[in-house]
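Chemist: Dropping in my_file-v7.txt, with compact mmCIF, C-alpha atoms.
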# COMPACT_ATOMS: atom_id res chain seq x y z
CA MET Q 1 -98.21 -134.96 -48.06
CA ALA Q 2 -97.23 -137.02 -51.12
CA GLY Q 3 -93.84 -135.29 -51.19
CA LEU Q 4 -93.31 -135.97 -47.50
CA THR Q 5 -94.21 -139.64 -47.94
CA GLY Q 6 -91.99 -139.80 -51.01
CA VAL Q 7 -89.03 -138.61 -48.95
CA LEU Q 8 -89.81 -140.43 -45.72
CA PHE Q 9 -90.56 -143.85 -47.17
CA PRO Q 10 -87.19 -144.31 -48.94
CA LEU Q 11 -85.38 -143.02 -45.84
CA LEU Q 12 -87.35 -145.40 -43.62
CA ALA Q 13 -86.70 -148.28 -46.02
CA ALA Q 14 -82.99 -147.45 -46.12
CA SER Q 15 -82.83 -147.29 -42.31
CA LEU Q 16 -84.69 -150.60 -42.13
CA LEU Q 17 -82.22 -152.22 -44.54
CA ASP Q 18 -79.41 -150.89 -42.39
CA GLN Q 19 -80.98 -152.72 -39.44
CA LEU Q 20 -81.29 -156.05 -41.29
CA PRO Q 21 -78.59 -157.89 -39.32
CA GLY Q 22 -80.26 -156.83 -36.09
CA LEU Q 23 -83.67 -157.83 -37.42
CA ALA Q 24 -82.31 -161.23 -38.45
CA PHE Q 25 -81.11 -161.84 -34.89
CA GLY Q 26 -84.34 -160.47 -33.45
CA LEU Q 27 -86.58 -162.87 -35.38
CA PRO Q 28 -85.63 -166.03 -33.45
CA LEU Q 29 -86.31 -164.17 -30.20
CA LEU Q 30 -89.70 -163.09 -31.54
CA ILE Q 31 -90.55 -166.69 -32.44
CA ALA Q 32 -89.33 -168.00 -29.07
CA ALA Q 33 -91.36 -165.37 -27.21
CA SER Q 34 -94.45 -166.21 -29.28
CA VAL Q 35 -94.08 -169.92 -28.49
CA VAL Q 36 -93.66 -169.30 -24.76
CA PHE Q 37 -96.48 -166.73 -24.58
CA ALA Q 38 -98.79 -169.13 -26.44
CA GLY Q 39 -97.67 -172.04 -24.26
CA THR Q 40 -98.29 -170.17 -21.04
CA HIS Q 41 -101.78 -169.06 -22.12
CA HIS Q 42 -103.07 -172.37 -23.45
CA GLU Q 43 -102.93 -176.07 -22.68
CA ARG Q 44 -103.92 -178.02 -25.77
CA PRO Q 45 -101.27 -178.42 -28.51
CA GLU Q 46 -103.66 -177.26 -31.26
CA SER Q 47 -104.54 -174.11 -29.30
CA ILE Q 48 -100.87 -173.43 -28.63
CA ARG Q 49 -100.05 -173.66 -32.34
CA THR Q 50 -102.85 -171.26 -33.29
CA ALA Q 51 -102.03 -168.86 -30.46
CA MET Q 52 -98.35 -168.93 -31.42
CA LEU Q 53 -99.17 -167.55 -34.85
CA GLN Q 54 -101.45 -164.90 -33.32
CA TRP Q 55 -98.74 -163.86 -30.83
CA LEU Q 56 -96.18 -163.76 -33.66
CA VAL Q 57 -98.35 -161.36 -35.64
CA TRP Q 58 -99.13 -159.23 -32.57
CA LEU Q 59 -95.53 -158.99 -31.41
CA GLY Q 60 -94.31 -158.44 -34.97
CA VAL Q 61 -96.75 -155.58 -35.50
CA ILE Q 62 -96.11 -153.97 -32.11
CA LEU Q 63 -92.31 -154.22 -32.33
CA GLY Q 64 -92.42 -153.25 -36.01
CA VAL Q 65 -94.33 -150.07 -35.18
CA VAL Q 66 -91.91 -149.29 -32.31
CA LEU Q 67 -88.95 -149.87 -34.64
CA ALA Q 68 -90.49 -147.66 -37.32
CA ILE Q 69 -91.05 -144.87 -34.75
CA VAL Q 70 -87.48 -145.18 -33.49
CA LEU Q 71 -86.13 -145.09 -37.05
CA LEU Q 72 -88.31 -142.07 -37.90
CA ILE Q 73 -87.05 -140.25 -34.82
CA GLY Q 74 -83.52 -141.20 -35.92
CA ILE Q 75 -84.16 -139.68 -39.34
CA TRP Q 76 -85.56 -136.45 -37.93
CA VAL Q 77 -83.12 -135.87 -35.09
CA MET P 1 -107.85 -163.77 -14.47
CA ALA P 2 -109.02 -163.53 -10.86
CA SER P 3 -111.63 -166.24 -11.36
CA GLN P 4 -109.02 -168.51 -12.86
CA HIS P 5 -106.76 -168.07 -9.86
CA ALA P 6 -109.63 -168.86 -7.52
CA LEU P 7 -110.24 -172.08 -9.41
CA ALA P 8 -106.55 -172.86 -9.55
CA GLY P 9 -106.40 -172.80 -5.81
CA SER P 10 -109.28 -175.19 -5.39
CA SER P 11 -108.80 -178.89 -5.03
CA GLY P 12 -110.53 -181.88 -6.52
CA GLY P 13 -110.07 -184.92 -4.35
CA GLY P 14 -107.03 -183.41 -2.58
CA ARG P 15 -105.43 -182.33 -5.83
CA ILE P 16 -104.46 -178.78 -6.67
CA VAL P 17 -105.79 -178.04 -10.11
CA ALA P 18 -105.95 -175.24 -12.64
CA VAL P 19 -108.52 -174.84 -15.39
CA SER P 20 -107.55 -175.19 -19.01
CA PRO P 21 -108.59 -172.02 -20.87
CA ASP P 22 -109.13 -174.13 -23.98
CA ASP P 23 -111.77 -176.61 -22.88
CA GLY P 24 -112.31 -175.96 -19.18
CA SER P 25 -110.80 -179.29 -18.17
CA ALA P 26 -108.77 -179.67 -15.00
CA ILE P 27 -105.00 -179.55 -15.03
CA ASP P 28 -103.43 -181.49 -12.17
CA LEU P 29 -100.65 -179.26 -10.85
CA LYS P 30 -99.51 -181.97 -8.39
CA ARG P 31 -97.20 -180.12 -5.95
CA PRO P 32 -97.04 -176.62 -7.45
CA LEU P 33 -94.07 -175.43 -5.39
CA LEU P 34 -92.01 -178.46 -6.40
CA ALA P 35 -93.11 -177.97 -10.01
CA MET P 36 -92.00 -174.31 -9.87
CA LEU P 37 -88.63 -175.30 -8.42
CA LEU P 38 -88.13 -177.92 -11.13
CA ALA P 39 -89.26 -175.43 -13.80
CA TRP P 40 -86.66 -172.97 -12.55
CA LEU P 41 -83.89 -175.56 -12.41
CA VAL P 42 -84.54 -176.89 -15.92
CA PRO P 43 -87.01 -175.12 -18.24
CA GLY P 44 -89.98 -177.42 -18.85
CA ALA P 45 -89.05 -179.89 -16.09
CA GLY P 46 -91.94 -178.71 -13.92
CA HIS P 47 -94.41 -179.45 -16.69
CA LEU P 48 -92.87 -182.86 -17.35
CA TYR P 49 -93.25 -183.63 -13.64
CA GLN P 50 -96.93 -182.66 -13.87
CA GLY P 51 -97.42 -184.88 -16.92
CA ARG P 52 -97.87 -181.91 -19.28
CA ARG P 53 -95.42 -183.43 -21.74
CA PHE P 54 -96.11 -181.34 -24.84
CA LYS P 55 -95.56 -178.06 -23.04
CA GLY P 56 -92.62 -179.44 -21.07
CA VAL P 57 -90.73 -180.51 -24.18
CA LEU P 58 -91.72 -177.31 -26.01
CA PHE P 59 -90.39 -175.05 -23.24
CA LEU P 60 -87.27 -177.16 -22.76
CA VAL P 61 -86.33 -177.00 -26.44
CA VAL P 62 -87.27 -173.35 -27.08
CA ILE P 63 -85.82 -171.76 -23.95
CA LEU P 64 -82.63 -173.79 -23.80
CA SER P 65 -82.07 -173.16 -27.53
CA VAL P 66 -82.33 -169.41 -27.02
CA TYR P 67 -80.08 -169.54 -23.97
CA LEU P 68 -77.39 -171.73 -25.56
CA THR P 69 -77.46 -169.66 -28.76
CA GLY P 70 -76.85 -166.57 -26.62
CA VAL P 71 -73.97 -168.21 -24.75
CA MET P 72 -72.45 -169.32 -28.07
CA LEU P 73 -72.87 -165.93 -29.77
CA GLY P 74 -71.27 -164.26 -26.74
CA GLY P 75 -68.27 -166.58 -26.82
CA GLY P 76 -69.22 -168.09 -23.45
CA ARG P 77 -68.53 -164.75 -21.76
CA VAL P 78 -71.99 -163.19 -21.44
CA VAL P 79 -73.30 -165.11 -18.43
CA TYR P 80 -71.32 -164.18 -15.36
CA TRP P 81 -72.03 -163.13 -11.81
CA SER P 82 -70.49 -159.95 -10.45
CA TRP P 83 -71.82 -157.75 -7.67
CA LYS P 84 -68.57 -155.90 -6.98
CA SER P 85 -69.10 -152.20 -6.54
CA GLY P 86 -69.08 -150.48 -9.92
CA GLU P 87 -68.98 -153.79 -11.80
CA GLN P 88 -72.45 -155.13 -11.12
CA ARG P 89 -73.79 -157.44 -13.77
CA TRP P 90 -77.49 -156.55 -13.76
CA ALA P 91 -78.19 -158.80 -16.75
CA MET P 92 -77.70 -161.73 -14.37
CA ALA P 93 -80.98 -160.80 -12.63
CA CYS P 94 -82.75 -161.92 -15.81
CA GLN P 95 -80.29 -164.65 -16.80
CA ALA P 96 -80.71 -166.33 -13.41
CA GLY P 97 -84.27 -167.23 -14.43
CA ILE P 98 -82.83 -170.04 -16.53
CA GLY P 99 -81.91 -171.96 -13.37
CA ILE P 100 -79.21 -174.59 -13.22
CA ALA P 101 -77.62 -173.44 -16.48
CA ALA P 102 -76.71 -170.14 -14.80
CA VAL P 103 -75.52 -171.65 -11.51
CA PRO P 104 -71.90 -172.17 -12.71
CA ALA P 105 -71.65 -168.37 -12.98
CA ALA P 106 -72.29 -167.99 -9.25
CA VAL P 107 -69.80 -170.75 -8.43
CA GLN P 108 -67.11 -169.26 -10.67
CA SER P 109 -67.59 -165.81 -9.17
CA ARG P 110 -67.25 -167.24 -5.69
CA LEU P 111 -64.08 -169.13 -6.62
CA LEU P 112 -62.44 -166.21 -8.41
CA HIS P 113 -63.13 -163.74 -5.63
CA GLY P 114 -62.48 -166.27 -2.86
CA GLY P 115 -59.24 -167.46 -1.32
CA GLY P 116 -58.14 -169.51 -4.36
CA LYS P 117 -58.35 -166.53 -6.76
CA ALA P 118 -58.98 -168.91 -9.64
CA ALA P 119 -62.02 -170.14 -11.54
CA LEU P 120 -62.55 -173.63 -12.94
CA ALA P 121 -62.85 -174.88 -16.55
CA GLY P 122 -60.59 -172.21 -18.00
CA GLY P 123 -62.81 -169.44 -16.69
CA PHE P 124 -66.06 -170.47 -18.43
CA MET P 125 -68.83 -168.22 -16.99
CA ALA P 126 -66.28 -166.57 -14.69
CA PRO P 127 -66.55 -162.81 -14.20
CA PRO P 128 -63.99 -160.64 -15.97
CA VAL P 129 -60.84 -159.82 -14.02
CA SER P 130 -60.62 -156.13 -13.28
CA LEU P 131 -57.67 -153.78 -13.00
CA ASN P 132 -55.25 -154.69 -10.17
CA GLN P 133 -57.31 -157.77 -9.23
CA PRO P 134 -55.05 -160.55 -7.98
CA VAL P 135 -55.48 -163.99 -9.57
CA ASP P 136 -53.72 -167.28 -9.08
CA GLU P 137 -50.66 -167.83 -11.30
CA ASP P 138 -52.23 -170.81 -13.06
CA TYR P 139 -55.42 -168.87 -13.76
CA ALA P 140 -53.32 -165.97 -15.12
CA ARG P 141 -51.61 -168.40 -17.50
CA ALA P 142 -55.04 -169.76 -18.52
CA MET P 143 -56.15 -166.18 -19.27
CA ILE P 144 -53.05 -165.68 -21.42
CA SER P 145 -53.61 -168.92 -23.31
CA ARG P 146 -57.24 -168.09 -24.14
CA SER P 147 -56.63 -164.50 -25.20
CA PRO P 148 -54.06 -163.70 -27.89
CA GLU P 149 -53.95 -160.09 -26.71
CA LEU P 150 -52.62 -160.95 -23.26
CA THR P 151 -49.03 -161.62 -22.27
CA GLU P 152 -47.24 -162.12 -18.96
CA ASP P 153 -46.37 -158.40 -19.10
CA ASP P 154 -50.04 -157.63 -18.46
CA PHE P 155 -49.66 -159.02 -14.94
CA ARG P 156 -47.61 -157.79 -12.01
CA ARG P 157 -46.15 -160.65 -10.00
CA GLN P 158 -46.27 -160.38 -6.27
CA PRO P 159 -42.99 -161.45 -4.66
CA ARG P 160 -42.96 -164.85 -2.94
CA MET P 161 -46.64 -165.43 -3.78
CA ARG P 162 -48.51 -167.29 -6.47
CA LEU P 163 -50.71 -164.27 -7.06
CA TRP P 164 -50.44 -162.10 -10.15
CA GLU P 165 -52.14 -158.71 -10.33
CA PHE P 166 -53.90 -158.02 -13.60
CA GLN P 167 -52.89 -154.68 -15.10
CA ARG P 168 -55.72 -154.38 -17.60
CA ASP P 169 -59.51 -154.61 -17.65
CA GLU P 170 -60.71 -157.94 -19.00
CA LEU P 171 -64.27 -156.71 -19.61
CA SER P 172 -62.99 -154.05 -22.05
CA LEU P 173 -60.99 -156.77 -23.72
CA TRP P 174 -64.09 -158.93 -24.14
CA HIS P 175 -66.05 -156.01 -25.60
CA ARG P 176 -63.28 -155.33 -28.09
CA GLN P 177 -62.95 -158.99 -29.06
CA LEU P 178 -66.65 -159.79 -29.30
CA GLY P 179 -68.02 -156.43 -30.47
CA ARG P 180 -71.79 -156.48 -30.93
CA TRP P 181 -71.90 -160.25 -30.25
CA PHE P 182 -71.43 -159.51 -26.57
CA GLU P 183 -74.64 -157.46 -26.53
CA ILE P 184 -76.57 -159.90 -28.75
CA GLY P 185 -75.49 -162.84 -26.59
CA THR P 186 -76.45 -160.96 -23.44
CA LEU P 187 -79.88 -160.15 -24.92
CA TYR P 188 -80.53 -163.78 -25.89
CA THR P 189 -79.59 -165.13 -22.47
CA MET P 190 -81.60 -162.43 -20.66
CA ILE P 191 -84.70 -163.13 -22.74
CA ALA P 192 -84.32 -166.88 -22.18
CA GLY P 193 -84.24 -166.28 -18.41
CA MET P 194 -87.26 -163.96 -18.50
CA LEU P 195 -89.28 -166.35 -20.66
CA ASN P 196 -88.55 -169.11 -18.17
CA MET P 197 -90.06 -166.95 -15.41
CA LEU P 198 -93.38 -167.16 -17.30
CA VAL P 199 -92.92 -170.92 -17.56
CA ILE P 200 -92.30 -171.12 -13.80
CA TYR P 201 -95.55 -169.24 -13.21
CA ASP P 202 -97.41 -171.60 -15.55
CA ALA P 203 -96.04 -174.61 -13.67
CA GLY P 204 -97.21 -173.22 -10.33
CA PHE P 205 -100.55 -171.64 -11.19
CA GLY P 206 -101.62 -172.99 -14.57
CA PRO P 207 -102.15 -171.18 -17.87
CA LEU P 208 -102.51 -167.41 -17.88
CA GLY P 209 -105.36 -167.55 -20.39
CA THR P 210 -108.83 -167.17 -18.92
CA PRO P 211 -111.57 -169.64 -19.88
CA SER P 212 -114.72 -168.06 -21.25
CA ASP P 213 -117.83 -168.12 -19.05
CA GLU P 214 -119.42 -170.55 -21.48
CA GLU P 215 -116.47 -172.93 -21.24
CA ARG P 216 -116.42 -172.64 -17.48
CA ARG P 217 -120.15 -173.39 -17.17
CA GLY P 218 -120.44 -176.00 -19.87
CA LYS P 219 -117.28 -178.04 -19.66
CA ALA P 220 -116.11 -177.74 -16.09
CA GLY P 221 -115.18 -181.41 -15.93
CA GLY P 222 -111.82 -182.77 -14.74
CA ALA P 223 -109.27 -184.30 -17.07
CA ASP P 224 -110.34 -187.66 -15.72
CA GLY P 225 -114.01 -186.79 -15.76
CA GLU P 226 -114.26 -185.45 -12.18
CA PRO P 227 -116.17 -182.18 -11.83
CA LEU P 228 -114.29 -179.20 -10.45
CA LYS P 229 -115.26 -177.74 -7.12
CA GLY P 230 -115.26 -174.09 -6.17
Give the structure from the file, written as structure tokens.
Modeler:
Amino acid sequence: MAGLTGVLFPLLAASLLDQLPGLAFGLPLLIAASVVFAGTHHERPESIRTAMLQWLVWLGVILGVVLAIVLLIGIWV
Amino acid sequence: MASQHALAGSSGGGRIVAVSPDDGSAIDLKRPLLAMLLAWLVPGAGHLYQGRRFKGVLFLVVILSVYLTGVMLGGGRVVYWSWKSGEQRWAMACQAGIGIAAVPAAVQSRLLHGGGKAALAGGFMAPPVSLNQPVDEDYARAMISRSPELTEDDFRRQPRMRLWEFQRDELSLWHRQLGRWFEIGTLYTMIAGMLNMLVIYDAGFGPLGTPSDEERRGKAGGADGEPLKG
């Protein structure tokens, strides 16, 4: 297990670094989506600000996991 | 969600209101259909019309920024309207959500495929010219001037007519010139359009968030102090 992690993690990190330009252009979209999602679920400015951060974390985690899975599949296949 | 929609459809003194999920107060939607139309035309305009200034300005800035960034990254080529067989631009289905900012694409497509065979403003938001497609002589010269790869030899002149037939595929040319920026620009403009669809919904029906039962019971007072009915 440790050996597998030791091989997979550097490969995943390298694949992630390779995707950096794409990630950099994806971040503004993530922020914009978080703002709009928060804005369409709340009315008060304070609530929108808080919800924006929550949406940012949620979307970041979900898309991050999807990206990691896609990269792992890319490494295996 | 269902309870919120039921409340959103109710009226307080002839007004159509939604319930704020934050404090249970009433949100005056004024004329929801007009607000939705305005929200489609200009992101955030529906909210500004309803007096929801913070959200209106927020949506206006965020969505238009994403859209304009996409148009800029894609060299002004990524938003175009084309439903010709085999050349459908499906991205437009999402991009059209941005409203008036995507309307020039429909106008340009109509002009280029219509009798004049030429688009305005040097072809901004015009669909790409395909193989053997006839274009007006002036438009052909405009294409040559904006693309260093094109020359008059790439067109076949029709005798005694002002129409020139394009002998290449302009979309391939754009892909080669813009590379990945074409896809990134397309993605940005599509996401801007889709986000605005959520904003349109919010303008017509109120926030998607559901107030808790406690908020609904305890604070069901209107923004101006009037209790909600229904």
Chemist: Using all atoms listed in the file, which chain Q residues lie at most 8 Å away from chain P, written as a PyMOL selection string?
Modeler: chain Q and resi 25+28-29+32-33+35-37+39-45+47
Chemist: What gap, in Å, lies between atom CA of Pro127 of chain P and atom CA of Tyr80 of chain P?
Modeler: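 A separation of 5.1 Å between them.
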Chemist: Rounded to one decimal, what separation in Å do you get between atom CA of Arg146 of chain P and atom CA of Thr69 of chain P?
Modeler: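 Those two atoms sit 20.8 Å apart.
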Chemist: Taking into account all atoms listed in the file, which residue in the set P:Pro128, P:Gly99, P:Gly114, P:Pro32 is nearest to Ser172 of chain P?
Modeler: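 Under the stated criterion, the closest residue is P:Pro128.
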Chemist: I'd like the contact shell of segment 87-94 of chain P - 9 Å cut-off, all atoms listed in the file, skipping same-chain residues fewer than 4 positions apart - returned as a list in words.
Modeler: Val78, Val79, Tyr80, Trp81, Ser82, Trp83, Ile98, Ala102, Ser130, Thr186, Leu187, Thr189, Met190, Ile191, Ala192, Gly193, Met194 and Met197 of chain P
Chemist: How big is the axis-aligned box around the listed atoms of segment 45-51 of chain Q once 4 Å is added on each side, and where is its centre? Give both in Å to one decimal, as lines of an AutoDock Vina configuration file.
Modeler:
center_x = -102.3
center_y = -173.6
center_z = -30.9
size_x = 12.5
size_y = 17.6
size_z = 12.8
Chemist: Between atom CA of Ile75 of chain Q and atom CA of Pro21 of chain Q, measure the distance and give it in Å to one decimal.
Modeler: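 A separation of 19.0 Å between them.
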Chemist: With distances taken over all atoms listed in the file, which residue among P:Trp40, P:Ile100, P:Met72, P:Phe124 lies nearest Leu112 of chain P?
Modeler: P:Phe124
Chemist: Residues near Ala142 of chain P, anyone? I mean within 9 Å using all atoms listed in the file, not counting same-chain ones fewer than 5 positions away, as a ChimeraX atom specification.
Modeler: /P:122-123,137,147
Chemist: Need to verify the contact set: Gln50 of chain P, 8 Å, all atoms listed in the file, exclusion of same-chain residues closer than 5 positions in sequence. Can you return it as a list in words?
Modeler: Asp28, Leu29, Lys30 and Ala35 of chain P
